[in-house]
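Shown below: input.txt, with compact mmCIF, C-alpha atoms.
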# COMPACT_ATOMS: atom_id res chain seq x y z
CA MET P 21 -8.09 -9.47 4.13
CA ALA P 22 -6.97 -12.64 2.41
CA ALA P 23 -3.56 -13.90 3.46
CA ASN P 24 -2.05 -14.13 -0.02
CA LYS P 25 1.67 -14.54 -0.62
CA LYS P 26 3.53 -11.23 -0.44
CA PHE P 27 7.05 -10.10 -1.23
CA TYR P 28 8.55 -7.27 0.80
CA VAL P 29 11.10 -4.88 -0.68
CA VAL P 30 13.40 -3.14 1.78
CA TRP P 31 15.22 -0.24 0.13
CA LYS P 32 16.59 1.14 3.40
CA GLY P 33 17.00 -1.11 6.40
CA LYS P 34 19.57 -3.20 8.25
CA LYS P 35 20.02 -5.30 5.12
CA PRO P 36 18.21 -4.10 1.96
CA GLY P 37 16.67 -6.83 -0.17
CA ILE P 38 13.49 -8.75 -0.96
CA TYR P 39 11.86 -10.77 1.82
CA GLU P 40 9.10 -13.36 1.62
CA SER P 41 7.45 -12.76 5.00
CA TRP P 42 6.43 -9.75 7.03
CA ALA P 43 8.36 -11.12 10.03
CA ASP P 44 11.61 -11.17 8.02
CA CYS P 45 10.92 -7.72 6.63
CA LYS P 46 10.12 -6.32 10.06
CA SER P 47 13.39 -7.64 11.48
CA GLN P 48 15.22 -5.51 8.90
CA ILE P 49 13.34 -2.26 9.55
CA ALA P 50 12.61 -2.41 13.30
CA GLY P 51 14.49 0.41 15.00
CA PHE P 52 15.99 1.58 11.71
CA LYS P 53 15.41 5.33 11.33
CA GLY P 54 14.07 6.28 7.91
CA ALA P 55 13.37 2.70 6.83
CA GLN P 56 11.90 2.35 3.35
CA TYR P 57 9.83 -0.71 2.47
CA LYS P 58 6.70 -1.88 0.65
CA ALA P 59 4.80 -5.10 -0.05
CA PHE P 60 4.15 -6.51 -3.54
CA SER P 61 1.94 -9.37 -4.68
CA GLN P 62 4.35 -10.68 -7.35
CA PHE P 63 8.07 -11.43 -7.09
CA SER P 64 8.62 -9.89 -10.53
CA GLU P 65 7.06 -6.63 -9.27
CA ALA P 66 9.22 -6.68 -6.15
CA LYS P 67 12.38 -7.37 -8.16
CA LYS P 68 11.64 -4.47 -10.51
CA ALA P 69 10.86 -2.17 -7.58
CA PHE P 70 14.05 -3.08 -5.74
CA ARG P 71 16.06 -1.98 -8.78
CA GLY P 72 14.21 1.35 -8.73
CA LYS P 73 13.68 4.06 -6.16
CA TYR P 74 11.39 3.96 -3.13
CA GLU P 75 9.93 7.35 -4.10
CA ASP P 76 8.56 5.81 -7.30
CA TYR P 77 6.43 3.35 -5.32
CA LYS P 78 5.71 5.12 -2.03
CA GLY P 79 2.00 5.58 -1.45
CA LYS P 80 0.94 3.96 -4.69
CA THR P 81 -1.94 1.53 -4.48
CA LYS P 82 -1.91 -1.90 -6.03
CA THR P 83 -3.25 -2.46 -9.53
CA LYS P 84 -7.03 -2.39 -9.49
CA PRO P 85 -8.76 -5.64 -10.42
CA LYS P 86 -10.52 -5.40 -13.78
CA LEU P 87 -14.25 -4.79 -13.60
CA SER P 88 -16.73 -4.28 -16.39
CA LYS P 89 -17.62 -0.75 -17.46
CA GLU P 90 -21.12 -1.34 -16.12
CA GLU P 91 -19.80 -2.34 -12.70
CA LEU P 92 -17.44 0.64 -12.53
CA LYS P 93 -20.22 2.98 -13.55
CA ARG P 94 -22.52 1.53 -10.90
CA ILE P 95 -19.90 1.87 -8.17
CA GLY P 96 -18.68 5.30 -9.24
CA GLU P 97 -15.76 7.15 -7.67
CA PRO P 98 -14.96 7.40 -3.96
CA ASN P 99 -16.16 10.43 -2.01
CA TYR P 100 -12.99 12.29 -1.09
CA ARG P 101 -14.80 14.37 1.51
CA SER P 102 -14.14 11.53 3.90
CA ILE P 103 -11.67 9.75 6.12
CA SER P 104 -10.55 6.13 5.73
CA VAL P 105 -9.52 3.66 8.42
CA ASP P 106 -7.64 0.37 8.37
CA ALA P 107 -5.69 -2.01 10.60
CA ALA P 108 -2.73 -4.35 10.24
CA SER P 109 -1.74 -7.38 12.30
CA SER P 110 1.52 -9.32 12.12
CA GLY P 111 0.03 -12.67 13.05
CA ASN P 112 -3.40 -13.83 14.16
CA PRO P 113 -3.16 -12.97 16.92
CA GLY P 114 -0.08 -10.77 16.74
CA LYS P 115 1.03 -7.18 17.13
CA MET P 116 -1.73 -4.97 15.77
CA GLU P 117 -2.07 -1.30 14.95
CA TYR P 118 -4.67 0.88 13.25
CA GLN P 119 -4.94 4.32 11.72
CA GLY P 120 -7.27 6.84 10.15
CA VAL P 121 -6.28 9.07 7.24
CA ASP P 122 -7.68 11.77 5.00
CA THR P 123 -8.96 9.80 2.01
CA LYS P 124 -7.66 12.29 -0.58
CA THR P 125 -4.28 13.31 0.86
CA LYS P 126 -3.57 10.21 2.98
CA LYS P 127 -2.53 12.50 5.82
CA VAL P 128 -2.61 10.48 9.06
CA LEU P 129 -5.29 11.86 11.37
CA PHE P 130 -4.87 9.32 14.16
CA LYS P 131 -2.87 6.19 14.78
CA GLN P 132 -2.79 3.69 17.65
CA GLY P 133 -0.58 0.72 18.50
CA PRO P 134 1.08 -1.60 18.22
CA PHE P 135 -0.91 -3.66 20.70
CA GLU P 136 0.16 -7.11 21.84
CA GLN P 137 -1.89 -10.14 20.76
CA GLY P 138 -4.44 -8.36 18.64
CA THR P 139 -6.23 -9.34 15.44
CA ASN P 140 -6.94 -7.46 12.25
CA ASN P 141 -10.72 -7.54 12.84
CA VAL P 142 -10.34 -6.06 16.31
CA GLY P 143 -8.14 -3.34 14.86
CA GLU P 144 -10.69 -2.60 12.14
CA PHE P 145 -13.44 -2.30 14.78
CA LEU P 146 -11.41 0.04 16.97
CA ALA P 147 -10.38 2.11 13.95
CA ILE P 148 -14.01 2.66 12.94
CA VAL P 149 -15.10 3.67 16.45
CA HIS P 150 -12.08 5.96 16.77
CA GLY P 151 -13.02 7.49 13.42
CA LEU P 152 -16.64 8.03 14.47
CA ALA P 153 -15.54 9.69 17.72
CA PHE P 154 -12.97 11.79 15.86
CA LEU P 155 -15.53 13.11 13.35
CA LYS P 156 -18.14 13.75 16.04
CA LYS P 157 -15.66 15.75 18.09
CA LYS P 158 -14.73 17.78 15.01
CA LYS P 159 -18.45 18.22 14.18
CA SER P 160 -17.50 17.08 10.69
CA GLY P 161 -19.96 16.06 7.99
CA ARG P 162 -17.43 13.80 6.25
CA ILE P 163 -18.22 10.13 5.69
CA LEU P 164 -16.13 7.26 7.00
CA TYR P 165 -14.73 4.44 4.83
CA SER P 166 -13.77 0.95 6.03
CA ASP P 167 -12.98 -2.14 3.95
CA SER P 168 -14.09 -4.56 6.68
CA LYS P 169 -17.68 -5.87 6.52
CA ILE P 170 -17.07 -7.81 9.73
CA ALA P 171 -16.00 -4.76 11.73
CA MET P 172 -18.81 -2.66 10.26
CA GLY P 173 -21.25 -5.32 11.44
CA TRP P 174 -19.78 -5.27 14.94
CA VAL P 175 -20.11 -1.49 15.07
CA LYS P 176 -23.76 -1.72 14.02
CA LYS P 177 -24.38 -4.17 16.86
CA LYS P 178 -22.32 -1.97 19.25
CA LYS P 179 -20.37 -5.08 20.24
CA CYS P 180 -16.93 -6.38 19.28
CA GLY P 181 -17.56 -9.99 18.25
CA THR P 182 -13.98 -11.19 18.53
CA LYS P 183 -13.22 -14.70 19.78
CA LEU P 184 -9.79 -13.56 20.92
CA LYS P 185 -9.06 -14.72 24.46
CA ARG P 186 -8.17 -12.15 27.09
CA THR P 187 -4.66 -12.54 28.52
CA ALA P 188 -2.23 -10.50 30.59
CA LYS P 189 -0.49 -9.42 27.37
CA ASN P 190 -3.59 -7.98 25.70
CA LYS P 191 -5.21 -6.47 28.79
CA GLU P 192 -4.68 -2.94 27.43
CA LEU P 193 -6.32 -3.90 24.15
CA PHE P 194 -9.41 -5.33 25.84
CA LEU P 195 -9.77 -2.20 27.96
CA LEU P 196 -9.80 -0.21 24.71
CA ILE P 197 -12.43 -2.56 23.24
CA GLU P 198 -14.62 -2.01 26.31
CA ARG P 199 -14.22 1.76 25.98
CA ALA P 200 -15.17 1.57 22.30
CA GLU P 201 -18.28 -0.49 23.05
CA GLU P 202 -19.27 1.94 25.80
CA TRP P 203 -18.81 4.88 23.42
CA LEU P 204 -21.12 3.23 20.88
CA ARG P 205 -23.79 2.61 23.52
CA LYS P 206 -23.69 6.15 24.89
CA ASN P 207 -23.20 8.19 21.73
CA ALA P 208 -25.39 8.95 18.76
CA TYR P 209 -23.58 9.95 15.58
CA ALA P 210 -24.60 11.28 12.18
CA THR P 211 -21.55 9.99 10.30
CA THR P 212 -22.30 7.70 7.36
CA LEU P 213 -20.21 4.53 7.48
CA VAL P 214 -19.46 3.26 3.96
CA LYS P 215 -17.78 0.12 2.62
CA TRP P 216 -14.64 0.89 0.61
CA GLU P 217 -14.92 -0.72 -2.85
CA THR P 218 -11.49 -2.33 -3.10
CA LYS P 219 -12.20 -4.07 -6.41
CA ALA P 220 -12.96 -0.76 -8.08
CA TRP P 221 -10.69 1.67 -6.26
CA GLY P 222 -7.69 -0.39 -5.13
CA GLU P 223 -6.51 -0.65 -1.53
CA ILE P 224 -8.07 1.71 0.98
CA PRO P 225 -5.92 4.84 1.52
CA ALA P 226 -5.35 3.90 5.17
CA ASP P 227 -3.81 0.55 4.15
CA PHE P 228 -0.48 -0.24 5.83
CA GLY P 229 0.83 -1.91 2.67
CA ARG P 230 1.81 -5.18 4.32
CA LYS P 231 -1.14 -7.56 4.03

Could you take the file, read its structure, and then write that structure out as structure tokens?
Amino acid sequence: MAANKKFYVVWKGKKPGIYESWADCKSQIAGFKGAQYKAFSQFSEAKKAFRGKYEDYKGKTKTKPKLSKEELKRIGEPNYRSISVDAASSGNPGKMEYQGVDTKTKKVLFKQGPFEQGTNNVGEFLAIVHGLAFLKKKKSGRILYSDSKIAMGWVKKKKCGTKLKRTAKNKELFLLIERAEEWLRKNAYATTLVKWETKAWGEIPADFGRK
């Protein structure tokens, strides 16, 4: 996703306030039980939110970009008989994690990480493969949403195309990548992988809210 400027509201943390970087926000919530925080694209939005309650903003997606009626009609509504996956990375590379959720309820179905020295694209790739394996094991006919064209392309090729260098710190992550690639080579799956239409539907339900 694009690295646009974000403002992070911390309602409950070591020192509640508004922070201008994920690193500063994370330092206030790390190890703090019951931390409450969320990212906003505008300072005015963050300021208003900070004066309000976390419950009023928790789980809400960002304002959807305006599209024409014709475009919205063409795209339609998301299929809620599905799961959605996404990843988040604090740095590039940096600590990375990914998750899969029920698209309608946002119930977390699986979550992995954080991994040292990962990237968002690697996380997106692993999240998709995890989702495919999860649905196959459940013998589910649900579809799988991802908002990453890059990761979807890697999955199609059955190969993670990252340029990330292997180090002692990310050894565990690369072992997981190898397992994911092996799973793709050895397994056939009937799950339909679909691009999440962010411009029409807002952020994907599995979004971590900190891009």

Checklist entry - What is the CA of Ala210 in chain P to CA of Ala226 in chain P distance in Å? => result 21.8 Å

If we count all atoms listed in the file and set the cut-off at 10 Å, which residues sit around range 160-176 of chain P, ignoring sequence neighbours fewer than 5 positions away in its own chain? Please answer as a compact mmCIF listing (two decimals) with C-alpha atoms, in the coordinates of the input.
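In the end it all went to selection06.txt:
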# COMPACT_ATOMS: atom_id res chain seq x y z
CA MET P 21 -8.09 -9.47 4.13
CA PRO P 98 -14.96 7.40 -3.96
CA ASN P 99 -16.16 10.43 -2.01
CA TYR P 100 -12.99 12.29 -1.09
CA ARG P 101 -14.80 14.37 1.51
CA SER P 102 -14.14 11.53 3.90
CA ILE P 103 -11.67 9.75 6.12
CA SER P 104 -10.55 6.13 5.73
CA VAL P 105 -9.52 3.66 8.42
CA ASP P 106 -7.64 0.37 8.37
CA ALA P 107 -5.69 -2.01 10.60
CA GLY P 120 -7.27 6.84 10.15
CA VAL P 121 -6.28 9.07 7.24
CA ASP P 122 -7.68 11.77 5.00
CA THR P 123 -8.96 9.80 2.01
CA ASN P 140 -6.94 -7.46 12.25
CA ASN P 141 -10.72 -7.54 12.84
CA VAL P 142 -10.34 -6.06 16.31
CA GLY P 143 -8.14 -3.34 14.86
CA GLU P 144 -10.69 -2.60 12.14
CA PHE P 145 -13.44 -2.30 14.78
CA LEU P 146 -11.41 0.04 16.97
CA ALA P 147 -10.38 2.11 13.95
CA ILE P 148 -14.01 2.66 12.94
CA VAL P 149 -15.10 3.67 16.45
CA GLY P 151 -13.02 7.49 13.42
CA LEU P 152 -16.64 8.03 14.47
CA PHE P 154 -12.97 11.79 15.86
CA LEU P 155 -15.53 13.11 13.35
CA GLY P 181 -17.56 -9.99 18.25
CA THR P 182 -13.98 -11.19 18.53
CA ALA P 200 -15.17 1.57 22.30
CA GLU P 201 -18.28 -0.49 23.05
CA LEU P 204 -21.12 3.23 20.88
CA ALA P 210 -24.60 11.28 12.18
CA THR P 211 -21.55 9.99 10.30
CA THR P 212 -22.30 7.70 7.36
CA LEU P 213 -20.21 4.53 7.48
CA VAL P 214 -19.46 3.26 3.96
CA LYS P 215 -17.78 0.12 2.62
CA TRP P 216 -14.64 0.89 0.61
CA GLU P 217 -14.92 -0.72 -2.85
CA THR P 218 -11.49 -2.33 -3.10
CA GLU P 223 -6.51 -0.65 -1.53
CA ILE P 224 -8.07 1.71 0.98
CA PRO P 225 -5.92 4.84 1.52
CA ALA P 226 -5.35 3.90 5.17
CA ASP P 227 -3.81 0.55 4.15

Item to check | d(CA of Met116 in chain P, CA of Asp44 in chain P) in Å | outcome: 16.6 Å

Checklist entry - In terms of the shortest atom-to-atom distance over only C-alpha atoms, which of P:His150, P:Lys126, P:Gly133, P:Lys34 is closest to Gly51 in chain P? => result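 Residue with the minimum atom-to-atom distance to Gly51 in chain P: P:Lys34.
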
Next on the checklist: Please list as a ChimeraX atom specification every residue within 9 Å of Phe135 in chain P, counting all atoms listed in the file and excluding residues in the same chain fewer than 4 positions away.
Outcome noted: /P:114-117,189-190,192-193

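For the choices P:Lys73, P:Lys68, P:Arg186, P:Lys178, the atom-to-atom distance to Glu202 in chain P is smallest for P:Lys178 when using all atoms listed in the file.
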
Checklist entry - Mind pulling up the distance from CA of Lys219 in chain P to CA of Ser64 in chain P? => result 22.0 Å

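The closest residue to Tyr74 in chain P, picked from P:Thr139, P:Gln48, P:Gln62, P:Gln56 and counting only C-alpha atoms, is P:Gln56.
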
Checklist entry - Looking at all atoms listed in the file, which of P:Gln137, P:Pro113, P:Gly229, P:Lys185 is the one that sits closest to Phe60 in chain P? => result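 When distances to Phe60 in chain P are compared using all atoms listed in the file, the smallest one comes from P:Gly229.
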
Item to check | Given only C-alpha atoms as the counted atoms, nearest of P:Tyr209, P:Glu65, P:Glu136, P:Trp203 to Lys191 in chain P | outcome: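 The answer is P:Glu136, which sits nearest to Lys191 in chain P.
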
Next on the checklist: I'd like to know which of P:Trp42, P:Leu196, P:Lys67, P:Lys183 is closest to Lys25 in chain P, using only C-alpha atoms.
Outcome noted: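 With only C-alpha atoms as the atom set, the closest residue is P:Trp42.
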
Next on the checklist: Using only C-alpha atoms - which residues lie no farther than 12 Å from the point (13.8, 3.1, 9.5) in the file's frame? Write them as a VMD selection string.
Outcome noted: chain P and resid 30 to 36 45 to 57
